[in-house]
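Engineer: Below is one structure. I have some questions about it.
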Amino acid sequence: MSETTKPGHKGQDYEQTLDRSDARVAAFDRGQHSPLERVQHVLHNNPTLVPVIVLLVSLAVFGLIAGGKFFSAFNLSLILQQVSIIGILAAAQSLIILTAGIDLSVAAIMVLMSVIMGNLAVFAGVPTGISIVIGLIGGVAAGGMNGWLITKVKLPPFITTLGTWSIFYALLLWLSGAQSIRGQDIDANAPFLKIFGASFNIGGARITLSALLMIAVFLVLWYMLNKTAWGRHVYAIGDDKEAAQLSGIRTDRTLLSVYGLAGLVCALAGWASIGRVGSISPQSFYEGNLDSITAVVIGGISLFGGRGSILGALFGALIVGVFRSGLRLSGVDVLWQVFAIGWLIIIAVAIDQWIRRVSA
Amino acid sequence: MKKLMTCSAVALATMAGGAYAQTNACLITKTDTNPFFVKMKEGASAAAAENGINLSTFAGKYDGDVETQVAAVETCMASGAKGILITPTDSRALVPVITQAREAGALVIALDTQFEPADAADATFATDNFKAGELIGQWAKATMGAEAENARIALLDLNASEVSVDYQRDNGFLNGFGIDIKDPTDIGDEDDPRIVGNDVTDGSPDGGRTAMENLLQLDPDINLVYTINEPAAAGAYEALKSFGKDEGVLIVSVDGGCPGVRDVAGGVIGATAMQFPLLMASKGIEAIKTFAETGEKPQNSDGLDFYNTGVELITDQPVEGLPSITSEEGLKKCWG
């Protein structure tokens, strides 16, 4: 092809003008994209980029406003510690939301399992290790119950978990008698329950085991979602359940495993919360389910399922923590913290909608 | 066995028939989660059984659940209740429905929380929350002695909506400590340099811990911590411990729940002001009985627009001039 366009080549008359013609092969239209559209494309391919940018920008902004008190190794590690429980819950919530579901019962499962572990180990004299295992199995059972109702009884996830939220909550009130278990009683009878409250220092930072647990949970789930067939099935179901079923994925079984796994993660959060809070209170984390959804949404995981990285939820939880700490240390009243988090959610979903339009 | 069951069924049916002549009453609490209201319900049920009153109980699903409480009042009116005991979850929003109940001839008594205006109900049986705060403020001041001039104070409040119990306890504490509180219905309008800051806890240990951590970030030298209730105090203690500051910081609180009194015994909380939910409930039931029999309504305490059910300071480090009881005695009186 290039030979015919060589300059100076003598050919037929009509071929004389060939070298002035367009020599390019057919190509996709490129020139008309504005920079904004290119940003849209990049974000569409990397949904975690938005929360990462927001996190870095908010760290920088609060560092400037609140100064050294905010931007110290100690305070940053404190934020990590403060978001660890909601962060683990957000990991469980992400699993569910990736399948285009939603779980309103995560916090109730978490607190119920911490009450069960505490009652068994502190009052019933069951060895602490066995109490914890029973609590973790209880978490799988509670999550599995959600999954069973959704896949076998064919109820929508929202309604199912709205119902089980009340059921688990009533059970935990009954089991605890609306009473908290004091930290001193746990120390005396079952100190191992508080293991995730233990910490060590690196430089000026104090890292608690609950923060490490949160990061470990996210890394393990990220690996499972991205490097295993099971994980790809989860994404496929969230994207289009019928298509997934038609291509041979056993959707019910996968969904059941997702809910069971989420229940296990919630129970782990329950164990970690005993170390973090120091006592076991049935009144703790009443809004934990909504806080976990907030983290997931700000983390750029689509509520319509099938899109987003679970690591986004980690960044989402951290963004909320950074905003709360930064606003607090800048001396801003509590109600403006609530105000700011509200706008964060709306902006995050607006960006998600805008990115989705790229394929339209 | 079967025969026994038939017998008791007959007995039940007879009792139900007898209940026709009984006085009906209702207890409507804020939630079933807070041990304070759980205990109040127990006290009311016991007093009702003693006085031959047929008591129905209701509770909101969460703090601020106005709809459920309104529906409960309507149910009570429909059942012909002679008296309604209610802890209004919203001091203003429930006034219209309560007015209807009074017009229908029921005696309405607010427990623990006042209506706005207070005379929307026939009577209020409540803790003087300002006084409760004042007691722990005075105790803290006397305990710190000359050091009170250099106090670094953290205030752990309830939530952003600043309900009456929240600002009354907070301002009562500051007043007792000798700080100019300016507007007694506003939290955080003080400008005394000894105050490090306010934060909210939702009255729970996880909220207490996070709030305490945040305030310690503002000033690591905090040496006096006021908390809205004892669960928040337990969380604050955990935060102080993790900062290596569990010694030398005074924590004061309000409530008098049994875990809280045990925390006084264990040295976690320096002093707490105990309130008496059981007394509120039993006084309320007695008032309904009197009203049903004689039509007489209960009177307020002198100088207050409510009947004061009392408050008692619990501490193991008593100070001169301030009556208090030890945690050991407190454990006999505590609720929940």
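Chain labels A, B, ... are given in the sequence in which chains occur in the structure tokens; within each chain residues are numbered consecutively from 1, and ligands are likewise numbered from 1 in the order shown.
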Which residues of segment 147-215 of chain A come within 12 Å of segment 59-71 of chain B, and what is each one's closest atom pair and distance in Å (one decimal), counting only C-alpha atoms, sorted by chain and residue number, as a tab-separated table?
Structural biologist:
```
residue	atom	partner	partner_atom	distance
A:Ser166	CA	B:Lys61	CA	9.8
A:Tyr169	CA	B:Lys61	CA	10.7
A:Ala170	CA	B:Lys61	CA	10.6
```
Engineer: List every residue of segment 65-305 of chain A that DSSP, applied to the backbone of this structure, assigns to strand (DSSP E or B), and report them as a list in words.
Structural biologist: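 So the strand (DSSP E or B) residues in segment 65-305 of chain A would be Ile181, Ser199, Phe200, Asn201, Ile202, Ala205, Arg206, Ile207, Thr208 and Ile280 of chain A.
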Engineer: Which of these, A:Asn289, A:Asn119, A:Asn189, A:Gln81, has the shortest distance to chain B once you count only C-alpha atoms?
Structural biologist: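 Among A:Asn289, A:Asn119, A:Asn189, A:Gln81, it is A:Gln81 that comes nearest to chain B.
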Engineer: So which one's closest to chain A, B:Val38, B:Val254, B:Ala140, B:Ala81? Using only C-alpha atoms, please.
Structural biologist: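 Checking each of B:Val38, B:Val254, B:Ala140, B:Ala81 against chain A, counting only C-alpha atoms, the winner is B:Val38.
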Engineer: What's the 9 Å shell around segment 58-65 of chain A, counting only C-alpha atoms, without same-chain residues fewer than 4 positions away, as a ChimeraX atom specification?
Structural biologist: /A:53-54,69-72,319,322-323,325-327,329-330
Engineer: Find the residues of chain B in contact range of chain A, meaning any atom within 9 Å when counting only C-alpha atoms, and list them as a JSON list (two decimals) with C-alpha atoms, in the first residue's frame.
Structural biologist:
```
[["chain", "number", "residue", "atom", "x", "y", "z"],
["B", 32, "ASP", "CA", -37.21, -0.35, 74.99],
["B", 33, "THR", "CA", -33.43, -0.19, 74.55],
["B", 34, "ASN", "CA", -32.48, 2.20, 77.33],
["B", 35, "PRO", "CA", -32.30, 0.36, 80.70],
["B", 38, "VAL", "CA", -36.91, -0.73, 80.90],
["B", 159, "ASN", "CA", -26.31, 14.79, 70.38],
["B", 160, "ALA", "CA", -26.58, 17.72, 68.02],
["B", 161, "SER", "CA", -30.25, 18.44, 68.76],
["B", 197, "GLY", "CA", -14.53, 21.73, 74.09],
["B", 198, "ASN", "CA", -17.81, 19.86, 73.67],
["B", 199, "ASP", "CA", -18.44, 16.74, 71.62],
["B", 200, "VAL", "CA", -21.38, 14.37, 71.25],
["B", 202, "ASP", "CA", -25.21, 9.54, 71.55],
["B", 203, "GLY", "CA", -25.02, 8.35, 75.16],
["B", 204, "SER", "CA", -23.16, 5.21, 74.11],
["B", 205, "PRO", "CA", -19.68, 3.87, 74.93],
["B", 206, "ASP", "CA", -18.49, 3.91, 71.30],
["B", 207, "GLY", "CA", -19.61, 7.53, 70.98],
["B", 208, "GLY", "CA", -17.98, 8.36, 74.32],
["B", 209, "ARG", "CA", -14.67, 6.89, 73.24],
["B", 210, "THR", "CA", -14.52, 8.70, 69.90],
["B", 213, "GLU", "CA", -10.23, 10.93, 71.61],
["B", 214, "ASN", "CA", -11.19, 13.96, 69.56],
["B", 215, "LEU", "CA", -11.05, 16.28, 72.56],
["B", 217, "GLN", "CA", -6.41, 15.70, 70.26],
["B", 218, "LEU", "CA", -7.43, 19.29, 70.94],
["B", 231, "PRO", "CA", -22.12, 4.39, 79.21],
["B", 234, "ALA", "CA", -17.14, 4.11, 80.25],
["B", 235, "GLY", "CA", -16.19, 4.89, 76.64],
["B", 237, "TYR", "CA", -12.37, 6.02, 80.23],
["B", 238, "GLU", "CA", -11.28, 3.59, 77.49],
["B", 239, "ALA", "CA", -10.02, 6.50, 75.40],
["B", 242, "SER", "CA", -5.44, 4.16, 75.46],
["B", 259, "PRO", "CA", -23.12, -0.72, 85.77],
["B", 260, "GLY", "CA", -22.39, 2.98, 86.35],
["B", 262, "ARG", "CA", -20.08, -0.34, 89.82],
["B", 263, "ASP", "CA", -17.82, 1.91, 87.73],
["B", 266, "GLY", "CA", -14.07, 0.49, 90.44],
["B", 336, "GLY", "CA", -30.96, -1.42, 85.51]]
```
Engineer: Near Phe37 of chain B, within 10 Å and counting only C-alpha atoms, which residues show up once chain neighbours fewer than 4 positions away are dropped, as a PyMOL selection string?
Structural biologist: (chain A and resi 178) or (chain B and resi 28-33+41-43+59+87+112+277-278+281+335-336)
Engineer: Create the file for the chosen residues now, containing N, CA and C atoms and written as a PDB file, in the first residue's frame.
Structural biologist:
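Here's the written file again-v9.pdb:
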```pdb
ATOM      1  N   ALA A 178     -31.002  -5.198  77.616  1.00  0.00           N
ATOM      2  CA  ALA A 178     -30.708  -3.776  77.407  1.00  0.00           C
ATOM      3  C   ALA A 178     -29.596  -3.279  78.329  1.00  0.00           C
TER       4      ALA A 178
ATOM      5  N   ILE B  28     -46.236   4.979  78.311  1.00  0.00           N
ATOM      6  CA  ILE B  28     -45.612   5.116  76.987  1.00  0.00           C
ATOM      7  C   ILE B  28     -44.197   5.647  77.195  1.00  0.00           C
ATOM      8  N   THR B  29     -43.187   4.820  76.900  1.00  0.00           N
ATOM      9  CA  THR B  29     -41.802   5.252  77.103  1.00  0.00           C
ATOM     10  C   THR B  29     -41.146   5.571  75.762  1.00  0.00           C
ATOM     11  N   LYS B  30     -39.927   6.129  75.850  1.00  0.00           N
ATOM     12  CA  LYS B  30     -39.242   6.538  74.621  1.00  0.00           C
ATOM     13  C   LYS B  30     -38.788   5.337  73.818  1.00  0.00           C
ATOM     14  N   THR B  31     -38.099   4.391  74.493  1.00  0.00           N
ATOM     15  CA  THR B  31     -37.598   3.211  73.785  1.00  0.00           C
ATOM     16  C   THR B  31     -37.608   2.024  74.740  1.00  0.00           C
ATOM     17  N   ASP B  32     -37.402   0.847  74.174  1.00  0.00           N
ATOM     18  CA  ASP B  32     -37.212  -0.350  74.992  1.00  0.00           C
ATOM     19  C   ASP B  32     -35.740  -0.719  75.090  1.00  0.00           C
ATOM     20  N   THR B  33     -34.859   0.141  74.546  1.00  0.00           N
ATOM     21  CA  THR B  33     -33.432  -0.191  74.552  1.00  0.00           C
ATOM     22  C   THR B  33     -32.733   0.361  75.779  1.00  0.00           C
ATOM     23  N   LYS B  41     -40.527   0.764  83.276  1.00  0.00           N
ATOM     24  CA  LYS B  41     -41.647  -0.110  82.913  1.00  0.00           C
ATOM     25  C   LYS B  41     -41.857  -1.173  83.994  1.00  0.00           C
ATOM     26  N   GLU B  42     -40.754  -1.746  84.464  1.00  0.00           N
ATOM     27  CA  GLU B  42     -40.862  -2.741  85.532  1.00  0.00           C
ATOM     28  C   GLU B  42     -41.510  -2.151  86.772  1.00  0.00           C
ATOM     29  N   GLY B  43     -41.050  -0.937  87.139  1.00  0.00           N
ATOM     30  CA  GLY B  43     -41.589  -0.288  88.330  1.00  0.00           C
ATOM     31  C   GLY B  43     -43.078  -0.012  88.191  1.00  0.00           C
ATOM     32  N   ALA B  59     -43.833   1.594  73.668  1.00  0.00           N
ATOM     33  CA  ALA B  59     -42.537   2.275  73.576  1.00  0.00           C
ATOM     34  C   ALA B  59     -42.262   2.638  72.133  1.00  0.00           C
ATOM     35  N   THR B  87     -43.245   9.385  78.680  1.00  0.00           N
ATOM     36  CA  THR B  87     -41.971  10.100  78.580  1.00  0.00           C
ATOM     37  C   THR B  87     -41.919  10.642  77.159  1.00  0.00           C
ATOM     38  N   ASP B 112     -40.043  11.884  83.554  1.00  0.00           N
ATOM     39  CA  ASP B 112     -38.652  12.090  83.147  1.00  0.00           C
ATOM     40  C   ASP B 112     -38.437  13.325  82.263  1.00  0.00           C
ATOM     41  N   PRO B 277     -35.908   6.260  88.342  1.00  0.00           N
ATOM     42  CA  PRO B 277     -37.000   5.949  87.407  1.00  0.00           C
ATOM     43  C   PRO B 277     -38.117   5.128  88.046  1.00  0.00           C
ATOM     44  N   LEU B 278     -37.766   4.242  88.979  1.00  0.00           N
ATOM     45  CA  LEU B 278     -38.786   3.415  89.629  1.00  0.00           C
ATOM     46  C   LEU B 278     -39.759   4.280  90.414  1.00  0.00           C
ATOM     47  N   ALA B 281     -42.201   6.089  88.182  1.00  0.00           N
ATOM     48  CA  ALA B 281     -43.249   5.190  87.701  1.00  0.00           C
ATOM     49  C   ALA B 281     -44.264   4.902  88.797  1.00  0.00           C
ATOM     50  N   TRP B 335     -30.689   1.357  89.412  1.00  0.00           N
ATOM     51  CA  TRP B 335     -31.666   0.757  88.514  1.00  0.00           C
ATOM     52  C   TRP B 335     -30.915   0.143  87.343  1.00  0.00           C
ATOM     53  N   GLY B 336     -31.527  -0.845  86.744  1.00  0.00           N
ATOM     54  CA  GLY B 336     -30.963  -1.418  85.513  1.00  0.00           C
ATOM     55  C   GLY B 336     -29.703  -2.227  85.738  1.00  0.00           C
TER      56      GLY B 336
END
```
Engineer: At what distance in Å, to one decimal, does atom CA of Ile137 of chain A lie from atom CA of Lys241 of chain A?
Structural biologist: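 For atom CA of Lys241 of chain A relative to atom CA of Ile137 of chain A, the distance reads 28.2 Å.
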Engineer: Residues near Thr227 of chain B, anyone? I mean within 9 Å using only C-alpha atoms, not counting same-chain ones fewer than 3 positions away, as an MDAnalysis selection string.
Structural biologist: chainID B and resid 154:158 170 201 203 208 230:233 236 251:254
Engineer: Mind checking which residues fall within 8 Å of segment 103-114 of chain A, counting only C-alpha atoms, ignoring those fewer than 5 positions away in the same chain, and posting them as JSON, numbers by chain?
Structural biologist: {"A": [89, 92, 93, 96, 97, 135, 136, 138, 139, 142, 143, 157, 158, 161, 162, 164, 165, 168, 169, 171, 172, 263, 266, 267, 268, 269, 270, 271, 273, 274, 280, 281, 282, 284, 285, 286, 287, 288, 289, 290]}
Engineer: Could you find all residues in segment 21-246 of chain B that DSSP calls alpha helix (DSSP H) from the backbone, and write them as a PyMOL selection string?
Structural biologist: chain B and resi 35-51+66-78+95-103+129-144+164-177+205-218+230-242
Engineer: Just how far from atom CA of Gln353 of chain A is atom CA of Leu303 of chain A, in Å to one decimal?
Structural biologist: 10.3 Å
Engineer: Please provide the set of residues having any atom within 9 Å of Pro298 of chain B, restricted to only C-alpha atoms, with same-chain residues fewer than 3 positions apart removed, written as JSON, numbers by chain.
Structural biologist: {"B": [122, 123, 124, 287, 290, 291, 307]}
Engineer: Mind writing the picked residues with N, CA and C atoms as a PDB file, in the first residue's frame?
Structural biologist:
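Written output follows (again-v1.pdb):
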```pdb
ATOM      1  N   ASP B 122     -50.988  17.194  82.981  1.00  0.00           N
ATOM      2  CA  ASP B 122     -51.541  17.518  84.289  1.00  0.00           C
ATOM      3  C   ASP B 122     -50.442  17.624  85.327  1.00  0.00           C
ATOM      4  N   ALA B 123     -49.376  16.846  85.134  1.00  0.00           N
ATOM      5  CA  ALA B 123     -48.264  16.892  86.078  1.00  0.00           C
ATOM      6  C   ALA B 123     -47.033  16.284  85.421  1.00  0.00           C
ATOM      7  N   THR B 124     -45.852  16.589  85.998  1.00  0.00           N
ATOM      8  CA  THR B 124     -44.604  15.996  85.518  1.00  0.00           C
ATOM      9  C   THR B 124     -43.863  15.419  86.716  1.00  0.00           C
ATOM     10  N   ALA B 287     -50.747   8.272  91.488  1.00  0.00           N
ATOM     11  CA  ALA B 287     -51.499   9.479  91.136  1.00  0.00           C
ATOM     12  C   ALA B 287     -52.731   9.124  90.310  1.00  0.00           C
ATOM     13  N   THR B 290     -55.354   7.683  92.642  1.00  0.00           N
ATOM     14  CA  THR B 290     -56.016   8.744  93.398  1.00  0.00           C
ATOM     15  C   THR B 290     -57.006   9.498  92.521  1.00  0.00           C
ATOM     16  N   PHE B 291     -56.563   9.804  91.294  1.00  0.00           N
ATOM     17  CA  PHE B 291     -57.409  10.548  90.369  1.00  0.00           C
ATOM     18  C   PHE B 291     -58.671   9.754  90.033  1.00  0.00           C
ATOM     19  N   TYR B 307     -42.867  17.788  89.625  1.00  0.00           N
ATOM     20  CA  TYR B 307     -42.673  17.113  90.908  1.00  0.00           C
ATOM     21  C   TYR B 307     -41.304  16.461  90.882  1.00  0.00           C
TER      22      TYR B 307
END
```
Engineer: Using only C-alpha atoms, which of A:Ile102, A:Met214, A:Ala121, A:Ile132 sits nearest Ser302 of chain A?
Structural biologist: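 Closest to Ser302 of chain A, using only C-alpha atoms: A:Ile102.
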